[in-house]
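Pasting work.txt here (compact mmCIF, C-alpha atoms):
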```
# COMPACT_ATOMS: atom_id res chain seq x y z
CA MET A 9 86.76 114.13 138.07
CA HIS A 10 88.33 117.48 138.87
CA THR A 11 91.17 115.81 140.78
CA LEU A 12 91.71 113.04 138.20
CA VAL A 13 92.56 115.34 135.28
CA PRO A 14 95.26 117.38 137.07
CA LYS A 15 96.77 114.17 138.46
CA THR A 16 96.97 112.65 134.98
CA GLU A 17 98.43 115.87 133.60
CA ARG A 18 101.05 115.98 136.37
CA ARG A 19 102.07 112.40 135.63
CA THR A 20 102.33 113.23 131.93
CA VAL A 21 104.51 116.28 132.62
CA LEU A 22 106.70 114.21 134.95
CA LEU A 23 106.94 111.48 132.28
CA VAL A 24 108.03 114.05 129.67
CA VAL A 25 110.75 115.39 131.99
CA VAL A 26 112.03 111.90 132.85
CA MET A 27 111.96 110.66 129.26
CA VAL A 28 113.68 113.75 127.85
CA SER A 29 116.37 113.39 130.53
CA LEU A 30 116.85 109.73 129.57
CA MET A 31 117.07 110.68 125.89
CA LEU A 32 119.77 113.24 126.62
CA ALA A 33 121.72 110.80 128.79
CA LEU A 34 121.47 107.97 126.26
CA GLY A 35 122.30 110.37 123.44
CA LEU A 36 125.44 111.55 125.22
CA LEU A 37 126.45 107.95 125.89
CA GLY A 38 125.84 107.09 122.24
CA LEU A 39 128.06 109.99 121.13
CA CYS A 40 130.83 108.97 123.54
CA TYR A 41 130.76 105.22 122.86
CA GLY A 42 132.44 103.60 119.89
CA ALA A 43 135.62 101.85 118.80
CA SER A 44 137.40 104.58 120.76
CA TRP A 45 135.84 106.31 123.75
CA SER A 46 135.27 110.07 123.49
CA THR A 47 134.95 112.18 126.61
CA PRO A 48 131.86 114.38 127.12
CA GLY A 49 134.16 117.38 126.67
CA GLU A 50 135.23 116.15 123.25
CA VAL A 51 131.58 115.55 122.32
CA PHE A 52 130.54 119.08 123.29
CA ALA A 53 133.57 120.54 121.48
CA SER A 54 132.63 118.67 118.31
CA LEU A 55 128.94 119.61 118.50
CA THR A 56 129.70 123.30 119.06
CA GLY A 57 132.31 123.37 116.28
CA THR A 58 135.18 124.22 118.61
CA ASP A 59 137.06 121.03 117.75
CA ARG A 60 135.03 119.15 115.17
CA SER A 61 135.38 115.36 115.05
CA VAL A 62 134.20 113.46 111.97
CA VAL A 63 133.57 110.35 114.08
CA ILE A 64 131.28 112.19 116.49
CA SER A 65 129.53 114.63 114.13
CA ASP A 66 129.23 112.52 110.97
CA TRP A 67 129.13 108.93 112.24
CA ARG A 68 127.70 108.80 115.74
CA LEU A 69 125.35 111.81 115.75
CA PRO A 70 123.21 110.63 112.79
CA ARG A 71 122.86 107.23 114.44
CA VAL A 72 121.78 108.77 117.75
CA LEU A 73 119.24 111.05 116.07
CA ALA A 74 117.95 108.18 113.93
CA GLY A 75 117.33 106.14 117.08
CA LEU A 76 115.48 109.07 118.64
CA VAL A 77 113.26 109.96 115.66
CA PHE A 78 112.66 106.42 114.39
CA GLY A 79 111.81 105.21 117.89
CA ALA A 80 109.28 108.01 118.29
CA ALA A 81 107.77 107.20 114.87
CA LEU A 82 107.42 103.51 115.74
CA GLY A 83 105.89 104.37 119.12
CA VAL A 84 103.29 106.59 117.47
CA ALA A 85 102.55 103.96 114.79
CA GLY A 86 101.96 101.39 117.52
CA ALA A 87 99.70 103.79 119.45
CA ILE A 88 97.69 104.49 116.31
CA PHE A 89 96.96 100.84 115.59
CA GLN A 90 96.35 99.95 119.22
CA ASN A 91 93.79 102.75 119.38
CA LEU A 92 92.32 101.68 116.05
CA THR A 93 91.95 98.03 117.11
CA ARG A 94 91.43 98.76 120.84
CA ASN A 95 93.80 95.88 121.46
CA PRO A 96 97.33 95.93 122.97
CA LEU A 97 98.42 93.40 120.30
CA GLY A 98 97.43 95.74 117.49
CA SER A 99 100.85 96.96 116.40
CA PRO A 100 102.36 97.15 112.87
CA ASP A 101 104.85 94.32 113.43
CA VAL A 102 102.21 91.92 114.80
CA ILE A 103 99.49 92.53 112.20
CA GLY A 104 101.81 92.34 109.19
CA LEU A 105 102.54 95.93 108.18
CA ASP A 106 106.28 95.55 108.83
CA ALA A 107 106.27 92.40 106.70
CA GLY A 108 104.37 94.22 103.94
CA ALA A 109 106.83 97.12 103.98
CA TYR A 110 109.67 94.58 103.82
CA THR A 111 108.03 92.94 100.79
CA GLY A 112 107.97 96.28 99.00
CA ALA A 113 111.62 96.88 99.86
CA LEU A 114 112.52 93.36 98.67
CA PHE A 115 110.82 94.12 95.35
CA ALA A 116 112.98 97.24 95.04
CA LEU A 117 116.13 95.25 95.86
CA THR A 118 115.48 92.23 93.65
CA VAL A 119 113.57 93.61 90.65
CA LEU A 120 114.63 97.27 90.57
CA SER A 121 118.04 98.79 91.24
CA GLY A 122 117.44 99.24 94.98
CA THR A 123 118.04 102.99 95.26
CA SER A 124 116.98 104.88 98.40
CA ALA A 125 113.96 106.36 96.63
CA GLN A 126 112.88 102.93 95.34
CA LEU A 127 113.28 101.38 98.80
CA ALA A 128 111.19 104.15 100.37
CA THR A 129 108.47 103.96 97.71
CA GLY A 130 108.41 100.16 97.76
CA SER A 131 108.14 100.06 101.55
CA VAL A 132 105.23 102.50 101.63
CA VAL A 133 103.37 100.77 98.79
CA GLY A 134 103.93 97.31 100.30
CA GLY A 135 102.72 98.45 103.70
CA LEU A 136 99.64 100.12 102.23
CA ILE A 137 98.72 97.05 100.16
CA VAL A 138 98.93 94.75 103.19
CA ALA A 139 97.01 97.27 105.32
CA GLY A 140 94.29 97.45 102.68
CA VAL A 141 94.03 93.66 102.43
CA ILE A 142 93.79 93.28 106.22
CA TYR A 143 91.21 96.06 106.52
CA LEU A 144 89.02 94.63 103.75
CA LEU A 145 89.18 91.10 105.13
CA SER A 146 88.36 92.26 108.67
CA PHE A 147 85.41 94.46 107.64
CA ASP A 148 82.26 92.34 107.95
CA ARG A 149 79.06 94.31 108.60
CA GLY A 150 81.12 96.80 110.53
CA PHE A 151 84.63 97.34 111.85
CA SER A 152 86.04 94.94 114.46
CA GLY A 153 89.42 95.56 116.07
CA LEU A 154 89.74 91.99 117.34
CA ARG A 155 88.98 90.58 113.89
CA LEU A 156 91.58 92.92 112.38
CA VAL A 157 94.26 91.69 114.82
CA VAL A 158 93.50 88.01 114.21
CA ILE A 159 93.42 88.42 110.42
CA GLY A 160 96.54 90.59 110.61
CA ILE A 161 98.46 87.86 112.44
CA ALA A 162 97.45 85.35 109.75
CA VAL A 163 98.39 87.74 106.92
CA ASN A 164 101.68 88.46 108.68
CA ALA A 165 102.56 84.76 108.64
CA MET A 166 101.73 84.44 104.93
CA VAL A 167 103.61 87.60 103.92
CA THR A 168 106.64 86.54 106.00
CA ALA A 169 106.67 83.19 104.19
CA PHE A 170 106.42 85.02 100.85
CA ASN A 171 109.35 87.23 101.82
CA SER A 172 111.44 84.13 102.63
CA TRP A 173 110.60 82.73 99.20
CA ILE A 174 111.72 85.96 97.51
CA VAL A 175 115.04 85.89 99.38
CA LEU A 176 115.62 82.21 98.50
CA ARG A 177 114.95 82.92 94.80
CA ALA A 178 117.16 86.01 94.67
CA ASP A 179 120.78 86.19 93.56
CA LEU A 180 123.25 85.35 96.32
CA GLU A 181 124.59 88.89 96.76
CA VAL A 182 121.10 90.39 96.84
CA ALA A 183 119.88 87.68 99.23
CA ILE A 184 122.76 88.31 101.64
CA ALA A 185 122.09 92.06 101.57
CA ALA A 186 118.35 91.52 102.06
CA VAL A 187 118.79 89.14 105.00
CA GLY A 188 121.27 91.48 106.71
CA TRP A 189 118.99 94.45 106.17
CA SER A 190 115.93 92.54 107.40
CA ALA A 191 117.41 92.29 110.92
CA GLY A 192 116.94 96.03 111.39
CA SER A 193 120.03 98.14 112.02
CA LEU A 194 121.05 101.76 112.53
CA ALA A 195 124.69 101.04 111.66
CA GLY A 196 126.01 103.07 108.76
CA VAL A 197 123.17 105.60 108.83
CA GLY A 198 124.51 108.96 107.62
CA TRP A 199 123.21 112.47 107.17
CA GLU A 200 122.41 111.76 103.51
CA ASP A 201 119.98 109.03 104.63
CA LEU A 202 118.00 111.13 107.10
CA GLY A 203 116.85 114.34 105.43
CA VAL A 204 113.79 113.01 103.59
CA PRO A 205 112.75 110.41 106.26
CA PHE A 206 112.95 113.00 109.06
CA THR A 207 110.84 115.43 107.01
CA VAL A 208 108.23 112.77 106.21
CA ILE A 209 108.02 111.62 109.83
CA ALA A 210 107.73 115.22 111.09
CA VAL A 211 104.81 115.89 108.73
CA LEU A 212 103.06 112.63 109.66
CA LEU A 213 103.48 113.20 113.41
CA ALA A 214 102.23 116.79 113.14
CA LEU A 215 99.22 115.59 111.15
CA MET A 216 98.41 112.92 113.72
CA ALA A 217 98.93 115.34 116.62
CA SER A 218 96.28 117.60 115.10
CA ARG A 219 93.81 114.69 115.24
CA ALA A 220 94.92 113.29 118.61
CA HIS A 221 91.74 114.41 120.42
CA ALA A 222 89.50 112.82 117.78
CA MET A 223 91.54 109.61 117.97
CA HIS A 224 91.09 109.56 121.75
CA GLN A 225 87.34 110.00 121.35
CA ALA A 226 87.22 107.15 118.83
CA SER A 227 89.13 104.86 121.20
CA LEU A 228 86.34 105.29 123.78
CA GLY A 229 83.76 103.77 121.41
CA ASP A 230 82.05 104.45 118.10
CA ALA A 231 78.91 105.82 119.74
CA ILE A 232 80.81 108.40 121.80
CA ALA A 233 82.91 109.39 118.79
CA VAL A 234 79.87 109.93 116.57
CA THR A 235 78.02 111.99 119.18
CA THR A 236 81.06 114.28 119.51
CA GLY A 237 81.17 114.88 115.76
CA VAL A 238 84.10 112.59 114.83
CA GLY A 239 83.97 111.27 111.27
CA LEU A 240 85.08 107.70 111.92
CA GLY A 241 85.62 106.72 108.28
CA ARG A 242 87.94 109.62 107.48
CA LEU A 243 89.69 109.35 110.83
CA ARG A 244 90.42 105.64 110.44
CA LEU A 245 91.74 106.16 106.92
CA LEU A 246 94.04 108.92 108.19
CA MET A 247 95.22 106.76 111.08
CA VAL A 248 96.05 103.87 108.75
CA LEU A 249 97.91 106.16 106.32
CA VAL A 250 99.95 107.82 109.09
CA GLY A 251 100.69 104.51 110.84
CA VAL A 252 101.79 102.82 107.62
CA GLY A 253 103.76 105.91 106.60
CA CYS A 254 105.72 105.99 109.88
CA THR A 255 106.39 102.24 109.80
CA ALA A 256 107.40 102.15 106.13
CA THR A 257 109.66 105.20 106.41
CA VAL A 258 111.61 103.62 109.24
CA THR A 259 111.72 100.26 107.42
CA ALA A 260 113.04 101.88 104.23
CA VAL A 261 116.07 103.31 106.07
CA ALA A 262 116.81 100.88 108.90
CA GLY A 263 114.95 97.70 107.98
CA PRO A 264 112.08 96.24 110.00
CA ILE A 265 112.75 96.91 113.71
CA ALA A 266 110.38 94.66 115.60
CA PHE A 267 108.45 95.12 118.86
CA ILE A 268 109.19 98.80 119.56
CA ALA A 269 105.76 99.66 118.18
CA LEU A 270 104.20 96.88 120.27
CA ALA A 271 105.75 97.69 123.64
CA ALA A 272 106.22 101.49 123.65
CA PRO A 273 102.51 102.54 123.60
CA GLN A 274 101.50 100.27 126.48
CA ILE A 275 104.55 101.14 128.60
CA GLY A 276 103.96 104.85 127.96
CA ARG A 277 100.26 104.53 128.80
CA ARG A 278 101.00 102.85 132.11
CA LEU A 279 103.68 105.37 133.05
CA ALA A 280 101.40 108.30 132.21
CA GLY A 281 98.39 106.70 133.91
CA ALA A 282 96.23 107.88 131.03
CA ALA A 283 93.09 106.48 129.48
CA GLY A 284 93.37 105.02 126.00
CA VAL A 285 96.78 104.92 124.32
CA PRO A 286 98.02 108.55 124.12
CA LEU A 287 100.50 109.54 121.41
CA LEU A 288 103.03 111.61 123.37
CA PRO A 289 103.94 108.95 125.98
CA ALA A 290 104.15 106.36 123.19
CA ALA A 291 106.51 108.56 121.14
CA LEU A 292 108.77 109.35 124.10
CA THR A 293 108.89 105.72 125.26
CA GLY A 294 109.60 104.50 121.72
CA ALA A 295 112.51 106.92 121.38
CA VAL A 296 114.05 105.80 124.69
CA LEU A 297 113.52 102.10 123.92
CA LEU A 298 115.17 102.28 120.49
CA GLN A 299 118.06 104.40 121.76
CA GLY A 300 118.63 101.99 124.63
CA ALA A 301 118.31 98.89 122.43
CA ASP A 302 120.84 100.30 119.95
CA LEU A 303 123.37 100.97 122.70
CA VAL A 304 122.89 97.44 124.08
CA ALA A 305 123.34 96.08 120.54
CA GLN A 306 126.66 97.91 120.24
CA MET A 307 127.97 96.92 123.68
CA LEU A 308 126.71 93.36 124.17
CA LEU A 309 129.30 91.56 122.03
CA ALA A 310 131.74 94.43 121.53
CA PRO A 311 133.72 94.97 119.36
CA VAL A 312 131.14 93.10 117.22
CA ALA A 313 127.93 95.16 116.98
CA LEU A 314 124.59 93.37 116.73
CA PRO A 315 121.71 94.72 114.63
CA VAL A 316 119.35 96.66 116.88
CA GLY A 317 116.46 94.51 115.62
CA VAL A 318 117.97 91.47 117.35
CA VAL A 319 117.95 93.23 120.72
CA SER A 320 114.50 94.80 120.25
CA THR A 321 113.10 91.39 119.28
CA ALA A 322 114.56 89.78 122.41
CA ILE A 323 113.16 92.53 124.63
CA GLY A 324 109.85 92.56 122.80
CA GLY A 325 109.52 88.79 123.00
CA CYS A 326 109.75 88.93 126.79
CA TYR A 327 107.21 91.75 126.83
CA LEU A 328 104.86 89.82 124.52
CA ILE A 329 104.98 86.74 126.78
CA TRP A 330 104.14 88.92 129.78
CA LEU A 331 101.32 90.66 127.89
CA LEU A 332 99.78 87.41 126.65
CA THR A 333 99.99 85.89 130.13
CA LYS A 334 98.24 88.92 131.59
CA GLU A 335 95.51 88.91 128.91
CA VAL A 336 94.89 85.16 129.38
CA GLY A 337 94.73 85.61 133.14
CA ARG A 338 92.25 88.45 132.73
CA ALA A 339 90.07 86.32 130.45
```
What does the file become when written as structure tokens?
Amino acid sequence: MHTLVPKTERRTVLLVVVMVSLMLALGLLGLCYGASWSTPGEVFASLTGTDRSVVISDWRLPRVLAGLVFGAALGVAGAIFQNLTRNPLGSPDVIGLDAGAYTGALFALTVLSGTSAQLATGSVVGGLIVAGVIYLLSFDRGFSGLRLVVIGIAVNAMVTAFNSWIVLRADLEVAIAAVGWSAGSLAGVGWEDLGVPFTVIAVLLALMASRAHAMHQASLGDAIAVTTGVGLGRLRLLMVLVGVGCTATVTAVAGPIAFIALAAPQIGRRLAGAAGVPLLPAALTGAVLLQGADLVAQMLLAPVALPVGVVSTAIGGCYLIWLLTKEVGRA
């Protein structure tokens, strides 16, 4: 026991160093890459104010930071729901929370005027409504993570169908905008789009970090959590609110970006060699995955840039096949 804890801590520290290095490297590449290549010297000159470039400071930098922060938020949201359900399939995009947030955003686009505030509010409300429905339907003489995942998959299918119906009934211009936005993209993200979302995500992540130990205790089993003084009802409510808040905030700005929340927590857990699904490795892995996926989306068919959601879905689909194959083999 005494040797296991230091070993896990060493792996976590090493993971932090490697992931931060990857973030810096991918961030530099993201600031250099574009319609015209900028040298690292030009990037540093623009960031330090020596020779400011609008392209680097106002176009590329917000996109790079959005990939970093939104990826971390999705990674944490995935870790929250995988801990809550004790199932590697328990992520917001699989159990329908992304679809619910998209429904709320569609309501803002089609019924309201579709302002940034309406999109954000609609996404959060839609995600919370779907989360509430799934939680109520899965609660039968006690909480069951497996039941929540299965019911969440079914609700996800129904909500996705409902979203398609809304798009088909909408005006052509609104429908085109909604379909394009639904792919999930960081293109066109500017400083004016990031102030409020970054603040909300920072508050949510800090709140969840303060309850990380209790969440870890709960992931080991209800009996252990209760004996250590964890209030499971309040903790689960907080976890749902934070998970939905992170997912909906990202969805309101960038659209639903699939599979980052599914893959990042499990990859981070394996790299850290930790028990449960820890938050820090999930956040770091999510940030690297979204940054990398966005760069691939820009480069794959250059000069045409793909939405990052297309690349993350392709990567996540391969990961999901591998995960399902492993779970079936284990069963």
**OP:** Pick out the closest residue to Thr111 of chain A from this set: A:Pro264, A:Pro286, A:Pro48, A:Gly253. Count only C-alpha atoms.
**Re:** A:Pro264
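The coordinates place atom CA of Phe89 of chain A at 15.5 Å from atom CA of Ala283 of chain A.
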Subject >> Within 12 Å of segment 200-208 of chain A using all atoms listed in the file, minus same-chain residues under 4 positions, as a PyMOL selection string >> reply: chain A and resi 66-67+69-81+123-125+127-129+132+194-196+212-215+250+252-262
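For the atom pair formed by atom CA of Val133 of chain A and atom CA of Ala116 of chain A, the distance is 10.9 Å, given to one decimal.
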Original post:
If you measure from atom CA of Ala139 of chain A to atom CA of Ile88 of chain A, what distance in Å do you get, rounded to one decimal?
Top reply: 13.2 Å
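Counting only C-alpha atoms, Ala266 of chain A has the following residues at most 9 Å away, ignoring those fewer than 4 positions along the same chain: Pro100, Asp101, Val102, Asp106, Ala191, Gly192, Leu270, Gly317, Val318, Ser320, Thr321 and Gly324 of chain A.
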Selection to disk with C-alpha atoms, as a PDB file, keeping the file's coordinate frame:
```
ATOM      1  CA  PRO A 100     102.360  97.150 112.870  1.00  0.00           C
ATOM      2  CA  ASP A 101     104.850  94.320 113.430  1.00  0.00           C
ATOM      3  CA  VAL A 102     102.210  91.920 114.800  1.00  0.00           C
ATOM      4  CA  ASP A 106     106.280  95.550 108.830  1.00  0.00           C
ATOM      5  CA  ALA A 191     117.410  92.290 110.920  1.00  0.00           C
ATOM      6  CA  GLY A 192     116.940  96.030 111.390  1.00  0.00           C
ATOM      7  CA  LEU A 270     104.200  96.880 120.270  1.00  0.00           C
ATOM      8  CA  GLY A 317     116.460  94.510 115.620  1.00  0.00           C
ATOM      9  CA  VAL A 318     117.970  91.470 117.350  1.00  0.00           C
ATOM     10  CA  SER A 320     114.500  94.800 120.250  1.00  0.00           C
ATOM     11  CA  THR A 321     113.100  91.390 119.280  1.00  0.00           C
ATOM     12  CA  GLY A 324     109.850  92.560 122.800  1.00  0.00           C
TER      13      GLY A 324
END
```
**OP:** Extract, using only C-alpha atoms, all DNA, RNA and protein residues at most 12 Å from Leu309 of chain A, discarding same-chain residues fewer than 6 positions from it, and format them as a PyMOL selection string.
**Re:** chain A and resi 303+315+319
**OP:** May I have the residues within 6 Å of Gly135 of chain A as a VMD selection string, using only C-alpha atoms and disregarding those fewer than 5 positions away in the same chain?
**Re:** chain A and resid 105 108 to 109 252
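In this comparison, which uses all atoms listed in the file, the residue of A:Leu144, A:Ala85, A:Val238, A:Val182 approaching Thr118 of chain A most closely is A:Val182.
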**OP:** List the neighbours of Ala272 of chain A out to 7 Å using all atoms listed in the file; skip same-chain residues closer than 5 positions along the sequence, and give me the result as a PyMOL selection string.
**Re:** chain A and resi 83+290+293-294
Restricting it to C-alpha atoms, dump the selection as a compact mmCIF listing (two decimals), keeping the file's coordinate frame.
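File written: selection.txt
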```txt
# COMPACT_ATOMS: atom_id res chain seq x y z
CA GLY A 83 105.89 104.37 119.12
CA ALA A 290 104.15 106.36 123.19
CA THR A 293 108.89 105.72 125.26
CA GLY A 294 109.60 104.50 121.72
```
Enclose segment 280-288 of chain A, meaning all of its atoms listed in the file, in a box aligned along x, y and z, pad it by 5 Å on each side, and list the centre and edge lengths in Å to one decimal, as lines of an AutoDock Vina configuration file.
```
center_x = 98.1
center_y = 108.3
center_z = 127.7
size_x = 19.9
size_y = 16.7
size_z = 22.5
```
Subject >> Among the residues A:Ala183, A:Ile103, A:Ala310, A:Met31, the one that comes closest to Phe115 of chain A [using only C-alpha atoms] >> reply: A:Ala183
Around the point (114.4, 89.4, 98.2) in the file's coordinates, collect all residues with an atom within 10 Å, using only C-alpha atoms, and return them as a CSV table (one decimal) with C-alpha atoms, in the frame of the given file.
```csv
chain,number,residue,atom,x,y,z
A,110,TYR,CA,109.7,94.6,103.8
A,111,THR,CA,108.0,92.9,100.8
A,112,GLY,CA,108.0,96.3,99.0
A,113,ALA,CA,111.6,96.9,99.9
A,114,LEU,CA,112.5,93.4,98.7
A,115,PHE,CA,110.8,94.1,95.4
A,116,ALA,CA,113.0,97.2,95.0
A,117,LEU,CA,116.1,95.2,95.9
A,118,THR,CA,115.5,92.2,93.6
A,119,VAL,CA,113.6,93.6,90.6
A,170,PHE,CA,106.4,85.0,100.8
A,171,ASN,CA,109.4,87.2,101.8
A,172,SER,CA,111.4,84.1,102.6
A,173,TRP,CA,110.6,82.7,99.2
A,174,ILE,CA,111.7,86.0,97.5
A,175,VAL,CA,115.0,85.9,99.4
A,176,LEU,CA,115.6,82.2,98.5
A,177,ARG,CA,115.0,82.9,94.8
A,178,ALA,CA,117.2,86.0,94.7
A,179,ASP,CA,120.8,86.2,93.6
A,180,LEU,CA,123.2,85.4,96.3
A,182,VAL,CA,121.1,90.4,96.8
A,183,ALA,CA,119.9,87.7,99.2
A,184,ILE,CA,122.8,88.3,101.6
A,185,ALA,CA,122.1,92.1,101.6
A,186,ALA,CA,118.4,91.5,102.1
A,187,VAL,CA,118.8,89.1,105.0
A,190,SER,CA,115.9,92.5,107.4
```
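If all atoms listed in the file are the atoms counted, then among A:Gln126, A:Leu308, A:Leu136, A:Gly198 the closest residue to Ile64 of chain A is A:Gly198.
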Subject >> Nearest-residue call for Val25 of chain A, choices A:Gly300, A:His221, A:Ala322, A:Ala280, using all atoms listed in the file >> reply: A:Ala280
